[in-house]
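Student: My structure file model.cif, mmCIF, C-alpha atoms, is below:
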data_target
#
loop_
_atom_site.label_atom_id
_atom_site.label_comp_id
_atom_site.auth_asym_id
_atom_site.auth_seq_id
_atom_site.Cartn_x
_atom_site.Cartn_y
_atom_site.Cartn_z
CA MET A 1 88.85 120.38 143.88
CA SER A 2 88.83 122.72 146.86
CA LYS A 3 88.27 121.52 150.39
CA ASP A 4 84.89 123.26 150.40
CA SER A 5 83.67 121.45 147.29
CA ARG A 6 85.10 118.14 148.54
CA ILE A 7 82.95 118.33 151.67
CA VAL A 8 79.91 119.26 149.58
CA ALA A 9 80.57 116.35 147.24
CA GLU A 10 81.08 113.85 150.07
CA THR A 11 77.98 115.10 151.89
CA SER A 12 75.95 114.66 148.71
CA ARG A 13 77.34 111.16 148.09
CA VAL A 14 76.66 109.89 151.62
CA SER A 15 73.20 111.46 151.76
CA ARG A 16 72.26 109.62 148.57
CA VAL A 17 73.27 106.36 150.24
CA ILE A 18 71.18 107.18 153.32
CA LEU A 19 68.13 108.19 151.26
CA GLU A 20 68.08 104.87 149.44
CA GLN A 21 65.92 104.01 152.44
CA LYS A 22 62.71 105.57 151.13
CA HIS A 23 61.17 106.04 154.56
CA LEU A 24 63.92 108.51 155.53
CA ARG A 25 63.93 112.26 154.88
CA LEU A 26 67.04 114.44 155.18
CA LEU A 27 66.36 117.50 157.30
CA GLY A 28 69.83 119.02 157.27
CA SER A 29 73.52 118.38 157.75
CA GLU A 30 76.60 119.76 159.48
CA SER A 31 80.32 119.12 159.39
CA TRP A 32 82.94 119.29 162.14
CA VAL A 33 86.39 117.96 162.98
CA PHE A 34 87.68 115.84 165.86
CA PRO A 35 91.21 115.25 167.26
CA LEU A 36 93.26 112.28 166.13
CA GLN A 37 96.74 111.43 167.41
CA MET A 38 99.21 109.93 164.94
CA VAL A 39 101.69 107.98 167.04
CA GLU A 40 104.60 105.62 166.50
CA VAL A 41 104.73 102.67 168.89
CA ASN A 42 108.14 101.11 169.40
CA MET A 43 107.95 97.55 170.66
CA LYS A 44 109.84 94.32 171.10
CA THR A 45 108.29 91.26 169.48
CA VAL A 46 109.10 87.60 170.03
CA VAL A 47 108.45 84.71 167.69
CA ARG A 48 107.36 81.50 169.38
CA SER A 49 107.68 78.30 167.38
CA GLN A 50 107.24 74.60 168.00
CA MET A 51 110.20 73.27 169.97
CA ASP A 52 112.88 71.36 168.10
CA VAL A 53 112.86 67.62 168.96
CA LEU A 54 116.50 67.67 170.05
CA MET A 55 115.89 70.70 172.28
CA LYS A 56 112.91 69.02 173.90
CA MET A 57 114.87 65.81 174.56
CA ILE A 58 117.76 67.76 176.12
CA LEU A 59 115.40 69.67 178.40
CA MET A 60 113.73 66.45 179.49
CA ILE A 61 117.14 64.93 180.33
CA LEU A 62 118.19 68.02 182.32
CA GLU A 63 114.89 67.92 184.19
CA ARG A 64 115.57 64.36 185.36
CA LEU A 65 119.35 63.88 185.47
CA GLU A 66 122.47 65.66 186.68
CA VAL A 67 124.57 66.46 183.62
CA LYS A 68 128.10 67.87 183.67
CA GLN A 69 129.26 67.37 180.07
CA PRO A 70 127.46 67.62 176.69
CA SER A 71 128.93 64.24 175.80
CA GLU A 72 126.74 62.62 178.47
CA ILE A 73 123.63 63.84 176.62
CA SER A 74 125.01 62.88 173.19
CA GLU A 75 125.59 59.33 174.42
CA LEU A 76 122.04 59.06 175.74
CA LEU A 77 120.50 60.40 172.53
CA ALA A 78 123.01 58.85 170.11
CA VAL A 79 123.73 62.19 168.37
CA GLU A 80 126.97 64.04 167.67
CA THR A 81 128.28 66.04 170.64
CA ILE A 82 128.64 69.15 168.49
CA PHE A 83 124.86 69.29 167.99
CA VAL A 84 124.24 68.99 171.73
CA GLU A 85 126.85 71.72 172.46
CA HIS A 86 125.20 74.04 169.94
CA MET A 87 121.75 73.46 171.43
CA LEU A 88 122.99 73.98 174.99
CA GLU A 89 124.63 77.29 173.97
CA LEU A 90 121.37 78.41 172.36
CA MET A 91 119.31 77.50 175.42
CA MET A 92 121.79 79.17 177.79
CA HIS A 93 121.65 82.30 175.63
CA ASN A 94 117.85 82.26 176.01
CA LYS A 95 118.14 81.60 179.78
CA MET A 96 116.41 78.23 179.50
CA VAL A 97 119.47 76.43 180.87
CA GLY A 98 122.09 77.60 183.35
CA ARG A 99 125.17 76.19 185.04
CA ILE A 100 125.60 75.79 188.78
CA ASP A 101 129.24 74.98 189.44
CA THR A 102 129.91 72.35 186.75
CA THR A 103 126.36 71.08 186.35
CA TYR A 104 123.82 72.05 183.69
CA LYS A 105 120.49 72.97 185.25
CA LEU A 106 117.04 73.60 183.82
CA THR A 107 115.82 77.12 184.69
CA THR A 108 112.26 78.12 185.52
CA SER A 109 112.01 79.57 182.00
CA GLY A 110 113.31 76.33 180.51
CA LEU A 111 110.76 74.31 182.45
CA GLU A 112 107.97 76.59 181.23
CA HIS A 113 109.17 76.23 177.63
CA LEU A 114 109.21 72.47 178.04
CA LYS A 115 105.64 72.42 179.37
CA GLN A 116 104.40 74.60 176.51
CA GLY A 117 106.42 72.81 173.87
CA THR A 118 107.46 76.11 172.29
CA PHE A 119 110.70 78.05 171.84
CA ALA A 120 110.92 81.83 172.13
CA HIS A 121 113.41 83.34 169.68
CA ASP A 122 115.44 86.47 170.42
CA PRO A 123 113.29 89.63 170.72
CA MET A 124 113.17 91.96 167.70
CA ASP A 125 112.71 95.74 167.68
CA GLU A 126 109.72 96.80 165.60
CA LYS A 127 107.53 99.86 165.20
CA VAL A 128 103.97 100.47 164.08
CA GLU A 129 102.04 103.66 163.34
CA LEU A 130 98.61 104.12 164.89
CA ALA A 131 95.85 106.70 164.48
CA TYR A 132 94.47 107.03 168.01
CA SER A 133 91.25 108.85 168.82
CA PRO A 134 91.10 110.13 172.43
CA PHE A 135 87.29 110.28 172.21
CA HIS A 136 86.88 106.69 171.01
CA ASN A 137 89.71 105.49 173.28
CA ASP A 138 90.73 103.34 170.35
CA VAL A 139 92.64 103.20 167.09
CA LEU A 140 90.69 104.23 163.99
CA ILE A 141 91.54 102.40 160.78
CA ARG A 142 91.87 104.72 157.82
CA ASP A 143 89.92 104.11 154.62
CA TYR A 144 92.66 104.41 152.01
CA ASP A 145 90.20 104.04 149.13
CA ARG A 146 89.00 107.62 149.64
CA SER A 147 90.61 110.98 150.18
CA ILE A 148 90.61 112.04 153.81
CA LEU A 149 89.02 115.37 154.65
CA GLU A 150 91.06 117.02 157.38
CA GLU A 151 92.54 120.29 158.67
CA VAL A 152 89.66 122.33 157.25
CA GLU A 153 90.04 125.76 158.80
CA TYR A 154 86.44 126.93 158.48
CA VAL A 155 84.96 123.70 159.87
CA PRO A 156 84.43 123.91 163.66
CA ASP A 157 85.80 121.49 166.22
CA PHE A 158 83.39 119.00 167.70
CA THR A 159 82.20 120.24 171.10
CA PHE A 160 82.84 117.62 173.75
CA ASP A 161 80.86 117.72 176.97
CA LYS A 162 82.93 118.49 180.06
CA GLU A 163 82.17 115.06 181.52
CA VAL A 164 83.59 113.31 178.44
CA LYS A 165 87.13 112.24 179.27
CA LEU A 166 89.52 112.39 176.32
CA SER A 167 92.19 109.82 177.08
CA ASP A 168 95.81 110.14 175.97
CA ILE A 169 97.35 107.03 174.43
CA LYS A 170 100.41 107.41 176.66
CA GLU A 171 98.18 106.99 179.71
CA LEU A 172 96.88 103.58 178.60
CA GLU A 173 97.92 100.23 180.01
CA ASP A 174 100.31 98.25 177.81
CA SER A 175 97.69 95.51 177.49
CA LYS A 176 95.27 98.01 175.90
CA VAL A 177 97.93 99.22 173.45
CA ARG A 178 98.76 95.60 172.54
CA GLN A 179 95.09 94.90 171.88
CA MET A 180 94.72 97.98 169.68
CA ILE A 181 97.77 96.96 167.62
CA GLU A 182 96.29 93.50 167.14
CA ASN A 183 92.96 95.04 166.09
CA THR A 184 94.66 96.98 163.29
CA GLY A 185 95.44 93.70 161.52
CA TYR A 186 99.14 93.87 162.27
CA GLU A 187 100.75 90.68 160.93
CA PHE A 188 101.40 88.28 163.79
CA ILE A 189 101.64 85.07 161.77
CA VAL A 190 105.17 84.24 160.61
CA GLU A 191 106.51 81.31 158.63
CA LYS A 192 107.64 79.19 161.55
CA GLY A 193 105.60 80.30 164.51
CA GLN A 194 103.49 82.97 166.18
CA LYS A 195 104.72 86.52 166.74
CA GLN A 196 103.79 88.18 170.03
CA ILE A 197 104.38 91.63 171.49
CA ASP A 198 106.84 91.13 174.34
CA GLU A 199 107.16 94.76 175.43
CA ILE A 200 105.92 98.25 174.53
CA SER A 201 109.16 100.25 174.55
CA SER A 202 107.85 103.77 173.84
CA ILE A 203 105.03 105.73 172.24
CA ASP A 204 106.06 108.81 170.27
CA MET A 205 103.62 111.47 169.08
CA LYS A 206 104.20 112.20 165.38
CA ASP A 207 101.30 114.43 164.41
CA SER A 208 97.91 115.72 165.48
CA LEU A 209 95.17 115.61 162.84
CA ARG A 210 91.61 116.95 162.61
CA PRO A 211 89.56 114.68 160.31
CA VAL A 212 86.11 115.77 159.20
CA CYS A 213 82.86 114.09 160.21
CA LEU A 214 79.55 114.71 158.44
CA GLU A 215 76.45 114.91 160.65
CA PHE A 216 73.09 114.11 159.04
CA HIS A 217 69.75 115.03 160.65
CA LEU A 218 67.07 112.56 159.58
CA HIS A 219 63.35 112.05 159.90
CA ASP A 220 61.90 108.56 159.83
CA LYS A 221 58.52 109.15 158.18
CA THR A 222 57.20 105.72 159.10
CA GLU A 223 58.00 105.94 162.81
CA ASP A 224 57.81 109.76 162.95
CA THR A 225 61.14 109.91 164.78
CA VAL A 226 64.14 112.14 164.30
CA PHE A 227 67.72 111.00 164.73
CA ILE A 228 71.31 111.69 163.68
CA ARG A 229 73.81 109.71 161.67
CA VAL A 230 77.53 110.56 161.55
CA TRP A 231 79.83 109.73 158.65
CA ASN A 232 83.51 109.59 159.62
CA THR A 233 85.62 110.47 156.58
CA TRP A 234 88.73 108.97 158.21
CA THR A 235 87.28 105.48 158.53
CA GLY A 236 84.87 105.74 155.59
CA GLN A 237 82.08 104.43 157.84
CA PHE A 238 79.20 105.59 159.98
CA ASP A 239 80.58 106.28 163.44
CA LEU A 240 78.38 104.65 166.10
CA ARG A 241 80.37 106.15 168.98
CA PHE A 242 79.74 109.71 167.80
CA GLU A 243 76.13 108.87 166.90
CA ASP A 244 75.39 107.63 170.41
CA GLU A 245 76.90 110.77 171.92
CA ILE A 246 75.14 113.24 169.63
CA ASN A 247 71.74 111.54 169.57
CA LEU A 248 71.73 111.58 173.35
CA LYS A 249 72.19 115.34 173.56
CA LYS A 250 70.73 116.69 170.29
CA ALA A 251 68.13 114.38 168.77
CA SER A 252 65.31 115.54 171.06
CA LYS A 253 65.87 119.14 169.92
CA LEU A 254 65.69 118.41 166.20
CA ARG A 255 61.88 118.30 166.05
CA THR A 256 61.71 121.86 167.36
CA LEU A 257 64.65 123.00 165.22
CA TYR A 258 62.99 121.79 162.02
CA GLU A 259 59.44 122.63 163.17
CA LEU A 260 58.14 119.08 162.75
#
Reformat the file's structure so that it appears as structure tokens.
Tutor:
Amino acid sequence: MSKDSRIVAETSRVSRVILEQKHLRLLGSESWVFPLQMVEVNMKTVVRSQMDVLMKMILMILERLEVKQPSEISELLAVETIFVEHMLELMMHNKMVGRIDTTYKLTTSGLEHLKQGTFAHDPMDEKVELAYSPFHNDVLIRDYDRSILEEVEYVPDFTFDKEVKLSDIKELEDSKVRQMIENTGYEFIVEKGQKQIDEISSIDMKDSLRPVCLEFHLHDKTEDTVFIRVWNTWTGQFDLRFEDEINLKKASKLRTLYEL
């Protein structure tokens, strides 16, 4: 099936869905493409889990007492010294405990861990691919159940008004990128804790796509109003962001265009 016939077929399918509402009449339709950035986000994630009982007890002792040897803790807790030594090494590695001269000391990080009752494991390097729309200033989730219509040469680009700012994902705050990753359904639940994004390391552009949107001009016979609906073939949904933009600048002209 050619790209031309695919657009015709998808336009026909979506229009049938719209016209299930008997009070609506289809006046006409258009198709156009919009820019979509395919990016790879490199990040460091950290798993936080409930603190081990032994770790918590050691931190509580270091908060209250001056300790020079692991054996002093093992005697207080009645556990083997080797377990205390292992736990102290782990906490020093994670900067929860430090040594000043010969004394073990609880760090600010260790105190915070103790208050929260959680333990942050070593950071892991991970990456995730996102489809970012500069117009929506958000990630668009692809509908994998349908073929995506994109890179159609004869279909025009959507005309953005000059006052519409198309943001670049690399210009966004890390907090916004984190939120977008979470909104994609990225798996943050792990077997023994909660995974969190600790740092956005880099954002690399992989590709620039031009997905097709289908624009439907409609007449509500009951209300005698004209309006526009936009079907985004990337998401497989009606696109409210585009609809708001287009209705604002075009809907009032449709009555004259179709001589209603």
Student: Give me, please, the distance in Å between CA of Phe34 in chain A and CA of Asp220 in chain A, quoted to one decimal.
Tutor: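 For CA of Phe34 in chain A relative to CA of Asp220 in chain A, the distance reads 27.5 Å.
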Student: For a quick check of your reading of the model, name the residues lying within 7 Å of the coordinate (103.4, 106.5, 171.4), counting all atoms listed in the file, and write them as a PyMOL selection string.
Tutor: chain A and resi 39-41+169-170+202-205
Student: Convert the current residue selection to file output with C-alpha atoms, as a PDB file, in the coordinates of the input.
Tutor:
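Result file follows (result25.pdb):
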ATOM      1  CA  VAL A  39     101.690 107.980 167.040  1.00  0.00           C
ATOM      2  CA  GLU A  40     104.600 105.620 166.500  1.00  0.00           C
ATOM      3  CA  VAL A  41     104.730 102.670 168.890  1.00  0.00           C
ATOM      4  CA  ILE A 169      97.350 107.030 174.430  1.00  0.00           C
ATOM      5  CA  LYS A 170     100.410 107.410 176.660  1.00  0.00           C
ATOM      6  CA  SER A 202     107.850 103.770 173.840  1.00  0.00           C
ATOM      7  CA  ILE A 203     105.030 105.730 172.240  1.00  0.00           C
ATOM      8  CA  ASP A 204     106.060 108.810 170.270  1.00  0.00           C
ATOM      9  CA  MET A 205     103.620 111.470 169.080  1.00  0.00           C
TER      10      MET A 205
END
Student: For the provided coordinates, the residues matched by the PyMOL selection byres ((chain A and resi 251-259) around 12) should be stated as a list in words.
Tutor: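 Taken over the shown coordinates, the PyMOL selection byres ((chain A and resi 251-259) around 12) returns Arg25, Leu26, Leu27, Gly28, Ser29, Glu215, Phe216, His217, Leu218, His219, Asp220, Asp224, Thr225, Val226, Phe227, Ile228, Arg229, Glu243, Asp244, Glu245, Ile246, Asn247, Leu248, Lys249, Lys250 and Leu260 of chain A.
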Student: To one decimal place, how far is CA of Arg178 in chain A from CA of Ile197 in chain A in Å?
Tutor: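 Computed distance, CA of Arg178 in chain A to CA of Ile197 in chain A, equals 7.0 Å.
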Student: Could you spell out the hits of the PyMOL selection byres ((chain A and resi 76-93) around 12) on the shown file, as JSON, numbers by chain?
Tutor: {"A": [51, 52, 53, 54, 55, 56, 57, 58, 59, 60, 61, 62, 65, 67, 68, 69, 70, 71, 72, 73, 74, 75, 94, 95, 96, 97, 98, 99, 104, 105, 106, 107, 109, 110, 111, 113, 114, 119, 120, 121, 122]}
Student: How far is it from CA of Pro123 in chain A to CA of Ser49 in chain A, in Å with one decimal?
Tutor: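 Interatomic distance, CA of Pro123 in chain A to CA of Ser49 in chain A: 13.1 Å.
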Student: I'd like to know which of A:Glu171, A:Ser5, A:Trp234, A:Glu112 is closest to Leu209 in chain A, using only C-alpha atoms.
Tutor: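 Residue with the minimum atom-to-atom distance to Leu209 in chain A: A:Trp234.
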Student: Could you spell out the hits of the PyMOL selection byres ((chain A and resi 231) around 12) on the shown file, as a VMD selection string?
Tutor: chain A and resid 7 10 to 15 17 to 18 29 to 33 149 211 to 217 228 to 230 232 to 243
Student: Counting all atoms listed in the file, figure out which residue out of A:Leu19, A:Ile100, A:Leu140, A:Val47 gets nearest to Met180 in chain A.
Tutor: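 Smallest distance to Met180 in chain A is found for A:Leu140.
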Student: I'd like to know which of A:Asn137, A:Gln37, A:Thr103, A:Gln21 is closest to Asp207 in chain A, using all atoms listed in the file.
Tutor: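 The closest residue to Asp207 in chain A is A:Gln37.
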